[in-house]
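File shown here: input.txt, holding compact mmCIF, C-alpha atoms (C1' of nucleotides).
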```
# COMPACT_ATOMS: atom_id res chain seq x y z
CA MET J 1 -4.48 -9.22 -8.28
CA LEU J 2 -2.55 -10.56 -5.35
CA GLN J 3 -3.55 -7.73 -3.03
CA GLN J 4 -5.54 -9.37 -0.22
CA THR J 5 -6.28 -12.35 -2.45
CA PRO J 6 -4.93 -15.91 -2.14
CA VAL J 7 -2.40 -16.86 -4.82
CA ASP J 8 -4.28 -19.97 -5.85
CA ARG J 9 -7.34 -17.95 -6.67
CA VAL J 10 -5.36 -15.42 -8.67
CA LEU J 11 -3.40 -17.76 -10.94
CA PRO J 12 -6.12 -18.68 -13.47
CA HIS J 13 -7.22 -15.04 -13.77
CA TRP J 14 -3.62 -13.97 -14.21
CA SER J 15 -3.03 -16.42 -17.08
CA THR J 16 -6.18 -15.44 -18.91
CA TRP J 17 -5.51 -11.76 -18.36
CA LEU J 18 -1.97 -11.82 -19.75
CA ALA J 19 -3.01 -13.93 -22.72
CA ARG J 20 -5.57 -11.29 -23.60
CA TRP J 21 -3.48 -8.23 -22.68
CA PRO J 22 0.20 -9.13 -22.97
CA ALA J 23 1.38 -5.51 -22.70
CA PRO J 24 0.18 -2.44 -20.79
CA SER J 25 -0.74 -0.77 -24.08
CA ALA J 26 -3.05 -3.66 -24.95
CA LEU J 27 -5.03 -3.18 -21.75
CA ALA J 28 -4.93 0.58 -22.16
CA GLY J 29 -6.48 0.17 -25.58
CA GLU J 30 -9.69 -1.17 -24.12
CA ALA J 31 -12.42 0.43 -22.06
CA PRO J 32 -11.94 0.25 -18.29
CA GLY J 33 -15.24 -1.60 -18.17
CA GLU J 34 -13.63 -4.49 -19.99
CA ALA J 35 -11.02 -4.75 -17.27
CA ILE J 36 -13.76 -4.77 -14.65
CA ARG J 37 -15.62 -7.48 -16.55
CA ALA J 38 -12.53 -9.64 -16.99
CA TRP J 39 -11.78 -9.25 -13.29
CA GLY J 40 -14.78 -11.46 -12.63
CA ARG J 41 -15.26 -12.43 -9.01
CA LEU J 42 -11.69 -11.87 -7.87
CA GLY J 43 -12.90 -9.24 -5.42
CA TYR J 44 -12.07 -5.58 -4.84
CA PRO J 45 -12.93 -4.50 -8.40
CA ARG J 46 -11.36 -1.11 -7.81
CA ARG J 47 -8.11 -2.95 -8.36
CA ALA J 48 -9.18 -3.68 -11.94
CA LEU J 49 -9.91 -0.03 -12.53
CA ARG J 50 -6.59 1.04 -11.05
CA LEU J 51 -4.72 -1.57 -13.04
CA HIS J 52 -6.30 -0.26 -16.22
CA GLU J 53 -5.32 3.28 -15.32
CA ALA J 54 -1.81 2.17 -14.37
CA ALA J 55 -1.48 0.39 -17.72
CA THR J 56 -2.59 3.54 -19.49
CA ARG J 57 0.05 5.62 -17.75
CA ILE J 58 2.75 3.02 -18.26
CA ALA J 59 1.99 2.88 -21.98
CA ARG J 60 1.99 6.65 -22.25
CA ASP J 61 4.74 7.71 -19.86
CA HIS J 62 7.05 4.71 -19.61
CA ALA J 63 7.32 3.39 -23.18
CA ASP J 64 5.02 0.48 -22.33
CA LEU J 65 7.45 -0.92 -19.77
CA VAL J 66 6.64 -1.26 -16.08
CA PRO J 67 9.07 1.07 -14.33
CA ALA J 68 11.67 -0.40 -12.00
CA ASP J 69 12.25 2.52 -9.68
CA GLU J 70 10.44 3.15 -6.45
CA GLY J 71 9.20 6.65 -7.21
CA SER J 72 7.72 5.83 -10.60
CA LEU J 73 6.05 2.71 -9.26
CA ARG J 74 4.56 4.48 -6.26
CA ALA J 75 3.14 7.15 -8.55
CA LEU J 76 0.97 4.55 -10.28
CA PRO J 77 -2.60 4.08 -9.03
CA GLY J 78 -3.08 1.00 -6.89
CA VAL J 79 0.64 0.65 -6.22
CA GLY J 80 1.58 1.07 -2.58
CA ASP J 81 4.64 0.17 -0.56
CA TYR J 82 4.10 -3.53 -0.91
CA THR J 83 3.40 -3.68 -4.63
CA ALA J 84 6.26 -1.34 -5.49
CA GLY J 85 8.63 -3.51 -3.49
CA ALA J 86 7.25 -6.73 -4.97
CA VAL J 87 7.72 -5.49 -8.53
CA ARG J 88 11.24 -4.28 -7.84
CA ALA J 89 12.19 -7.54 -6.14
CA PHE J 90 10.36 -10.21 -8.11
CA ALA J 91 10.20 -8.63 -11.56
CA TYR J 92 13.56 -6.89 -11.53
CA GLY J 93 15.60 -8.84 -9.01
CA GLN J 94 16.38 -5.84 -6.87
CA ARG J 95 17.00 -5.83 -3.14
CA ALA J 96 13.65 -4.35 -2.19
CA LEU J 97 11.29 -4.79 0.76
CA ALA J 98 7.90 -6.32 0.04
CA LEU J 99 6.36 -6.30 3.47
CA ASP J 100 3.24 -8.35 2.93
CA THR J 101 1.22 -10.20 5.53
CA ASN J 102 3.43 -13.30 5.21
CA VAL J 103 6.68 -11.47 5.75
CA ARG J 104 5.22 -9.48 8.61
CA ARG J 105 4.08 -12.66 10.35
CA VAL J 106 7.45 -14.39 9.97
CA ILE J 107 9.29 -11.42 11.45
CA ALA J 108 6.74 -10.91 14.22
CA ARG J 109 7.12 -14.51 15.30
CA HIS J 110 10.75 -15.27 14.66
CA ASP J 111 12.25 -11.98 15.74
CA HIS J 112 9.75 -10.66 18.27
CA GLY J 113 8.01 -13.72 19.66
CA LEU J 114 4.60 -12.36 18.75
CA PRO J 115 1.80 -14.56 17.32
CA PHE J 116 1.02 -12.10 14.52
CA PRO J 117 1.91 -8.57 13.45
CA GLU J 118 0.08 -5.62 15.02
CA GLY J 119 -2.42 -3.59 12.94
CA ALA J 120 -0.99 -1.29 10.31
CA VAL J 121 2.61 -1.33 9.14
CA THR J 122 4.60 1.27 11.06
CA ARG J 123 7.71 3.10 10.04
CA ALA J 124 9.61 1.27 12.74
CA GLU J 125 8.46 -2.07 11.37
CA SER J 126 9.58 -1.24 7.83
CA THR J 127 12.88 0.09 9.07
CA TYR J 128 13.49 -3.03 11.10
CA ALA J 129 12.57 -5.38 8.26
CA ASP J 130 14.90 -3.51 5.94
CA SER J 131 17.67 -3.69 8.50
CA ILE J 132 17.58 -7.48 8.66
CA GLN J 133 17.47 -7.94 4.90
CA PRO J 134 20.97 -8.84 3.68
CA GLN J 135 22.68 -6.17 1.60
CA ARG J 136 23.79 -8.33 -1.32
CA THR J 137 20.80 -10.60 -1.62
CA GLY J 138 19.05 -9.41 -4.76
CA ALA J 139 15.51 -10.70 -4.39
CA ALA J 140 16.45 -14.05 -2.89
CA TRP J 141 15.96 -13.19 0.77
CA MET J 142 12.65 -11.49 0.10
CA ALA J 143 11.37 -14.45 -1.88
CA ALA J 144 12.52 -16.87 0.78
CA VAL J 145 10.90 -15.09 3.69
CA MET J 146 7.66 -14.61 1.81
CA GLU J 147 7.49 -18.26 0.83
CA LEU J 148 8.31 -19.30 4.35
CA GLY J 149 5.36 -17.29 5.60
CA ALA J 150 3.03 -18.50 2.89
CA LEU J 151 3.85 -22.20 3.10
CA VAL J 152 5.30 -22.96 6.53
CA CYS J 153 4.80 -20.11 9.00
CA THR J 154 1.12 -19.84 8.16
CA ALA J 155 -1.43 -17.90 10.16
CA ARG J 156 -3.53 -20.79 11.41
CA GLN J 157 -1.48 -23.97 11.54
CA PRO J 158 2.21 -23.16 11.30
CA ALA J 159 4.38 -26.17 10.49
CA CYS J 160 7.15 -25.41 12.96
CA GLU J 161 8.40 -29.01 12.73
CA ARG J 162 9.58 -28.36 9.19
CA CYS J 163 10.62 -24.75 9.58
CA PRO J 164 14.23 -24.13 8.60
CA ILE J 165 14.65 -21.32 11.14
CA ALA J 166 12.78 -22.92 14.03
CA ALA J 167 15.96 -23.13 16.10
CA SER J 168 16.18 -19.35 16.35
CA CYS J 169 12.45 -18.57 16.52
CA ARG J 170 11.50 -16.58 19.61
CA TRP J 171 7.81 -17.38 19.25
CA LEU J 172 8.46 -21.12 19.20
CA ALA J 173 10.86 -20.80 22.11
CA LEU J 174 8.15 -19.07 24.11
CA GLY J 175 5.78 -21.97 23.43
CA ARG J 176 3.85 -20.28 20.64
CA PRO J 177 1.83 -17.86 22.82
CA GLU J 178 -1.61 -16.94 21.49
CA GLY J 179 -2.34 -13.29 22.13
CA THR J 180 -5.36 -11.30 21.09
CA PRO J 181 -5.83 -10.88 17.33
CA PRO J 182 -5.55 -7.29 16.05
CA ARG J 183 -8.39 -5.90 13.94
CA ARG J 184 -11.35 -8.00 12.99
CA GLN J 185 -12.84 -7.68 9.55
CA ALA J 186 -16.25 -6.12 9.27
CA ARG J 187 -19.06 -8.58 8.73
CA TYR J 188 -19.69 -9.15 5.03
CA ALA J 189 -23.18 -10.66 4.95
CA GLY J 190 -25.68 -7.86 4.45
CA SER J 191 -22.96 -5.24 4.12
CA ASP J 192 -22.68 -2.43 1.61
CA ARG J 193 -19.77 -4.31 0.14
CA GLN J 194 -21.95 -7.27 -0.59
CA ALA J 195 -24.59 -4.97 -2.09
CA ARG J 196 -22.01 -3.35 -4.34
CA GLY J 197 -20.83 -6.76 -5.39
CA ALA J 198 -24.34 -7.86 -6.26
CA LEU J 199 -24.98 -4.78 -8.38
CA LEU J 200 -21.65 -4.97 -10.14
CA ALA J 201 -22.19 -8.66 -10.89
CA VAL J 202 -25.31 -7.73 -12.86
CA LEU J 203 -23.35 -5.18 -14.90
CA ARG J 204 -20.48 -7.58 -15.42
CA GLU J 205 -22.62 -10.40 -16.71
CA ALA J 206 -24.78 -8.21 -18.91
CA GLY J 207 -23.53 -7.54 -22.41
CA GLY J 208 -24.27 -3.83 -22.25
CA PRO J 209 -26.21 -1.25 -20.23
CA VAL J 210 -28.83 -2.52 -17.79
CA SER J 211 -32.07 -0.99 -16.58
CA GLN J 212 -32.74 0.28 -13.08
CA ARG J 213 -35.20 -2.57 -12.71
CA GLN J 214 -32.45 -5.12 -13.30
CA LEU J 215 -30.40 -3.53 -10.54
CA ASP J 216 -33.41 -3.39 -8.26
CA ALA J 217 -33.75 -7.15 -8.61
CA ALA J 218 -30.18 -7.68 -7.49
CA TRP J 219 -30.53 -6.32 -3.94
CA PRO J 220 -33.68 -6.14 -1.83
CA ASP J 221 -33.07 -3.12 0.40
CA ALA J 222 -33.75 0.05 -1.59
CA ARG J 223 -31.87 2.42 0.70
CA GLN J 224 -28.78 0.30 0.78
CA ARG J 225 -29.02 -0.39 -2.94
CA ALA J 226 -29.05 3.32 -3.70
CA ARG J 227 -26.10 3.90 -1.42
CA ALA J 228 -24.18 1.09 -3.07
CA LEU J 229 -24.90 2.39 -6.56
CA ASP J 230 -23.85 5.90 -5.57
CA GLY J 231 -20.62 4.50 -4.26
CA LEU J 232 -19.94 2.51 -7.39
CA VAL J 233 -20.53 5.57 -9.54
CA ALA J 234 -18.34 7.71 -7.29
CA ASP J 235 -15.60 5.11 -7.61
CA GLY J 236 -15.87 5.08 -11.39
CA LEU J 237 -16.91 1.44 -11.48
CA VAL J 238 -20.35 2.22 -12.88
CA ALA J 239 -21.48 5.03 -15.16
CA PRO J 240 -24.90 6.30 -16.18
CA ALA J 241 -25.87 5.33 -19.72
CA SER J 242 -28.60 6.60 -22.01
CA ARG J 243 -32.31 6.31 -21.18
CA GLY J 244 -31.73 5.99 -17.44
CA ARG J 245 -29.66 2.86 -17.73
CA TRP J 246 -26.39 1.90 -16.10
CA ALA J 247 -23.19 0.47 -17.54
CA LEU J 248 -19.58 -0.35 -16.88
CA PRO J 249 -17.36 2.64 -17.73
CA ASP J 250 -16.24 3.30 -21.32
C1' DC U 1 -5.11 6.01 11.93
C1' DA U 2 -9.40 3.58 11.35
C1' DA U 3 -12.66 2.47 8.13
C1' DC U 4 -13.76 1.02 3.91
C1' DC U 5 -13.36 -1.82 -0.14
C1' DG U 6 -15.08 -8.41 -2.48
C1' DT U 7 -15.00 -13.05 -2.48
C1' DG U 8 -14.48 -17.77 -1.29
C1' DG U 9 -12.24 -21.63 1.12
C1' DC U 10 -11.32 -23.60 5.39
C1' DT U 11 -12.23 -24.87 10.24
C1' DT H 1 -21.65 -22.60 11.62
C1' DA H 2 -19.89 -18.28 12.08
C1' DG H 3 -15.63 -16.46 11.94
C1' DC H 4 -11.02 -16.26 10.22
C1' DC H 5 -8.01 -14.96 6.68
C1' DA H 6 -5.91 -13.97 2.21
C1' DA H 7 1.40 -11.50 -2.02
C1' DG H 8 -3.02 -4.15 0.35
C1' DG H 9 -4.39 0.61 -1.18
C1' DT H 10 -6.86 4.78 -0.49
C1' DT H 11 -9.21 8.16 2.08
```

Write the structure described by the file as structure tokens, please.
Amino acid sequence: MLQQTPVDRVLPHWSTWLARWPAPSALAGEAPGEAIRAWGRLGYPRRALRLHEAATRIARDHADLVPADEGSLRALPGVGDYTAGAVRAFAYGQRALALDTNVRRVIARHDHGLPFPEGAVTRAESTYADSIQPQRTGAAWMAAVMELGALVCTARQPACERCPIAASCRWLALGRPEGTPPRRQARYAGSDRQARGALLAVLREAGGPVSQRQLDAAWPDARQRARALDGLVADGLVAPASRGRWALPD
DNA sequence: CAACCGTGGCT
DNA sequence: TAGCCAAGGTT
């Protein structure tokens, strides 16, 4: 849930979700469509599908316990470098690297004097971050750096005046240089992503299968609508139902 | 590696 | 207001 989504927006969904599905097997016992529906408007609904699939595999292959080792975690759908590290560190207290956007920003500024991290995470960046993480820290260092990035060394208005490591920060010493931002996000208004969201919202809020006409009403442009629906079906987020209708997957 | 994949709050 | 940005992953 936390992937590319602010913590404050996740928390209520997280509470509701765990109350309903306290164990992986509980989630695995329901249709993936139920996970997509419960996901609501959190965004990136493929995460709901992957979480359902991950829960299914954890229930089946890991005795209903989220694995604690890197390889097993990375083998789960939707679990990449960051999530595997976050689970190892924050759920199991291991010394693991969870190189999220907050941690990357803190290191870019404090260690390299850069206003923000460059595009994608490189091997060199991971290697460096691992090299500065204390050996006998458990998860404490990781938690501290991430919180520092999330609460103090923020992207827009960093609070350097109350930063505990301001004295050694290269970026601050350089006068907080601006620099050109890396990649810009694609425009959302009128995008295929917005079209997909509109279609999926109809399916989510409907009790069962919906007609083509109901989908047609959700997005004006027919070409784009068809492309969005194709994509949703290809992703497994939507499935054809009987009598030419559409539904969330069973 | 770049592009794609949602949504909403904040400036 | 239009753009920025958020505990990323997959292709």

Suppose you want the space between CA of Leu174 in chain J and CA of Arg105 in chain J; what is it in Å?
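Going from CA of Leu174 in chain J over to CA of Arg105 in chain J, I get 15.7 Å.
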
Specify as a PyMOL selection string all residues of chain J found within 6 Å of chain H, counting all atoms listed in the file.
chain J and resi 2-6+78

Which residues are near Gly231 in chain J? Cut-off 12 Å, only C-alpha atoms (C1' of nucleotides), ignore same chain within fewer than 2 positions. Put them as a list in words.
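So, after excluding close chain neighbours, the residues are Arg46, Asp192, Arg193, Ala195, Arg196, Gly197, Leu199, Leu200, Gln224, Arg225, Ala226, Arg227, Ala228, Leu229, Val233, Ala234, Asp235, Gly236, Leu237, Val238 and Ala239 of chain J; DC4 and DC5 of chain U.
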
Straight-line distance linking CA of Glu70 in chain J with CA of Ala84 in chain J, stated in Å to one decimal:
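Those two atoms sit 6.2 Å apart.
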
Between J:Tyr92, J:Gly207, J:Trp246, J:Tyr188, which one has atoms that come closest to DT7 in chain U, using all atoms listed in the file?
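When distances to DT7 in chain U are compared using all atoms listed in the file, the smallest one comes from J:Tyr188.
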
Between CA of Gly40 in chain J and CA of Arg223 in chain J - distance in Å to one decimal:
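Straight-line distance from CA of Arg223 in chain J to CA of Gly40 in chain J works out to 25.7 Å.
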
Identify which of the residues J:Leu99, J:Ala144, J:Ala120, J:Ala26 lies closest to chain U, counting only C-alpha atoms (C1' of nucleotides) when measuring atom-to-atom distances.
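The shortest atom-to-atom distance to chain U comes from J:Ala120.
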
Skipping near chain neighbours, those fewer than 5 positions away, what residues fall within 10 Å of Leu76 in chain J using all atoms listed in the file, listed as a list in words?
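Final neighbour list, sorted by chain and number: Arg50, Leu51, Glu53, Ala54, Ala55, Thr56, Arg57, Ile58, Val66, Pro67, Gly71 and Ala84 of chain J.
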
Take the selection from the previous step and output its residues with C-alpha atoms, as a PDB file, in the frame of the given file.
```
ATOM      1  CA  ARG J  50      -6.590   1.040 -11.050  1.00  0.00           C
ATOM      2  CA  LEU J  51      -4.720  -1.570 -13.040  1.00  0.00           C
ATOM      3  CA  GLU J  53      -5.320   3.280 -15.320  1.00  0.00           C
ATOM      4  CA  ALA J  54      -1.810   2.170 -14.370  1.00  0.00           C
ATOM      5  CA  ALA J  55      -1.480   0.390 -17.720  1.00  0.00           C
ATOM      6  CA  THR J  56      -2.590   3.540 -19.490  1.00  0.00           C
ATOM      7  CA  ARG J  57       0.050   5.620 -17.750  1.00  0.00           C
ATOM      8  CA  ILE J  58       2.750   3.020 -18.260  1.00  0.00           C
ATOM      9  CA  VAL J  66       6.640  -1.260 -16.080  1.00  0.00           C
ATOM     10  CA  PRO J  67       9.070   1.070 -14.330  1.00  0.00           C
ATOM     11  CA  GLY J  71       9.200   6.650  -7.210  1.00  0.00           C
ATOM     12  CA  ALA J  84       6.260  -1.340  -5.490  1.00  0.00           C
TER      13      ALA J  84
END
```

Identify the residues within 10 Å of coordinate (11.4, 3.3, -8.0) (same frame as the file), considering all atoms listed in the file, and give the answer as an NGL selection string.
:J and (67-75 or 84-85 or 87-88 or 96)

Between J:Ser242, J:Thr122, J:Thr127, J:Gln212, which one has atoms that come closest to chain U, using only C-alpha atoms (C1' of nucleotides)?
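Closest to chain U of all the choices is J:Thr122.
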
Pick out the closest residue to chain U from this set: J:Pro24, J:Pro164, J:Pro134, J:Gly43. Count all atoms listed in the file.
J:Gly43

Which one of J:Ala241, J:Ile132, J:Ile107, J:Leu232 sits closest to chain U if you count all atoms listed in the file?
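For chain U, the nearest of the candidates is J:Leu232.
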
For range 182-186 of chain J: contacts at 9 Å, all atoms listed in the file, fewer than 5 positions along chain excluded, given as a count of residues only
6

Using the file's own x, y and z axes, so that the box edges lie along x, y and z, what centre and edge lengths in Å (one decimal) does a box around every listed atom of range 175-184 of chain J get when 8 Å is added on each side? Give it as JSON.
```
{"center_x": -2.8, "center_y": -13.9, "center_z": 18.2, "size_x": 33.1, "size_y": 32.1, "size_z": 26.4}
```

Would you mind completing range 8-21 of chain J to N, CA and C atoms and writing the output as a PDB file, in the coordinates of the input?
```
ATOM      1  N   ASP J   8      -3.618 -18.917  -5.086  1.00  0.00           N
ATOM      2  CA  ASP J   8      -4.280 -19.970  -5.850  1.00  0.00           C
ATOM      3  C   ASP J   8      -5.514 -19.477  -6.581  1.00  0.00           C
ATOM      4  N   ARG J   9      -6.156 -18.477  -6.011  1.00  0.00           N
ATOM      5  CA  ARG J   9      -7.340 -17.950  -6.670  1.00  0.00           C
ATOM      6  C   ARG J   9      -6.960 -17.013  -7.808  1.00  0.00           C
ATOM      7  N   VAL J  10      -5.803 -16.389  -7.672  1.00  0.00           N
ATOM      8  CA  VAL J  10      -5.360 -15.420  -8.670  1.00  0.00           C
ATOM      9  C   VAL J  10      -4.862 -16.093  -9.947  1.00  0.00           C
ATOM     10  N   LEU J  11      -4.128 -17.176  -9.801  1.00  0.00           N
ATOM     11  CA  LEU J  11      -3.400 -17.760 -10.940  1.00  0.00           C
ATOM     12  C   LEU J  11      -4.207 -17.918 -12.228  1.00  0.00           C
ATOM     13  N   PRO J  12      -5.379 -18.536 -12.199  1.00  0.00           N
ATOM     14  CA  PRO J  12      -6.120 -18.680 -13.470  1.00  0.00           C
ATOM     15  C   PRO J  12      -6.496 -17.335 -14.097  1.00  0.00           C
ATOM     16  N   HIS J  13      -6.883 -16.369 -13.248  1.00  0.00           N
ATOM     17  CA  HIS J  13      -7.220 -15.040 -13.770  1.00  0.00           C
ATOM     18  C   HIS J  13      -5.988 -14.395 -14.405  1.00  0.00           C
ATOM     19  N   TRP J  14      -4.877 -14.574 -13.756  1.00  0.00           N
ATOM     20  CA  TRP J  14      -3.620 -13.970 -14.210  1.00  0.00           C
ATOM     21  C   TRP J  14      -3.253 -14.508 -15.599  1.00  0.00           C
ATOM     22  N   SER J  15      -3.366 -15.817 -15.785  1.00  0.00           N
ATOM     23  CA  SER J  15      -3.030 -16.420 -17.080  1.00  0.00           C
ATOM     24  C   SER J  15      -3.932 -15.894 -18.193  1.00  0.00           C
ATOM     25  N   THR J  16      -5.220 -15.908 -17.915  1.00  0.00           N
ATOM     26  CA  THR J  16      -6.180 -15.440 -18.910  1.00  0.00           C
ATOM     27  C   THR J  16      -5.941 -13.980 -19.251  1.00  0.00           C
ATOM     28  N   TRP J  17      -5.688 -13.207 -18.215  1.00  0.00           N
ATOM     29  CA  TRP J  17      -5.510 -11.760 -18.360  1.00  0.00           C
ATOM     30  C   TRP J  17      -4.300 -11.453 -19.255  1.00  0.00           C
ATOM     31  N   LEU J  18      -3.185 -12.116 -18.984  1.00  0.00           N
ATOM     32  CA  LEU J  18      -1.970 -11.820 -19.750  1.00  0.00           C
ATOM     33  C   LEU J  18      -2.031 -12.367 -21.168  1.00  0.00           C
ATOM     34  N   ALA J  19      -2.834 -13.424 -21.358  1.00  0.00           N
ATOM     35  CA  ALA J  19      -3.010 -13.930 -22.720  1.00  0.00           C
ATOM     36  C   ALA J  19      -3.790 -12.903 -23.545  1.00  0.00           C
ATOM     37  N   ARG J  20      -4.741 -12.257 -22.894  1.00  0.00           N
ATOM     38  CA  ARG J  20      -5.570 -11.290 -23.600  1.00  0.00           C
ATOM     39  C   ARG J  20      -4.866  -9.945 -23.743  1.00  0.00           C
ATOM     40  N   TRP J  21      -4.151  -9.538 -22.690  1.00  0.00           N
ATOM     41  CA  TRP J  21      -3.480  -8.230 -22.680  1.00  0.00           C
ATOM     42  C   TRP J  21      -2.008  -8.427 -22.309  1.00  0.00           C
TER      43      TRP J  21
END
```
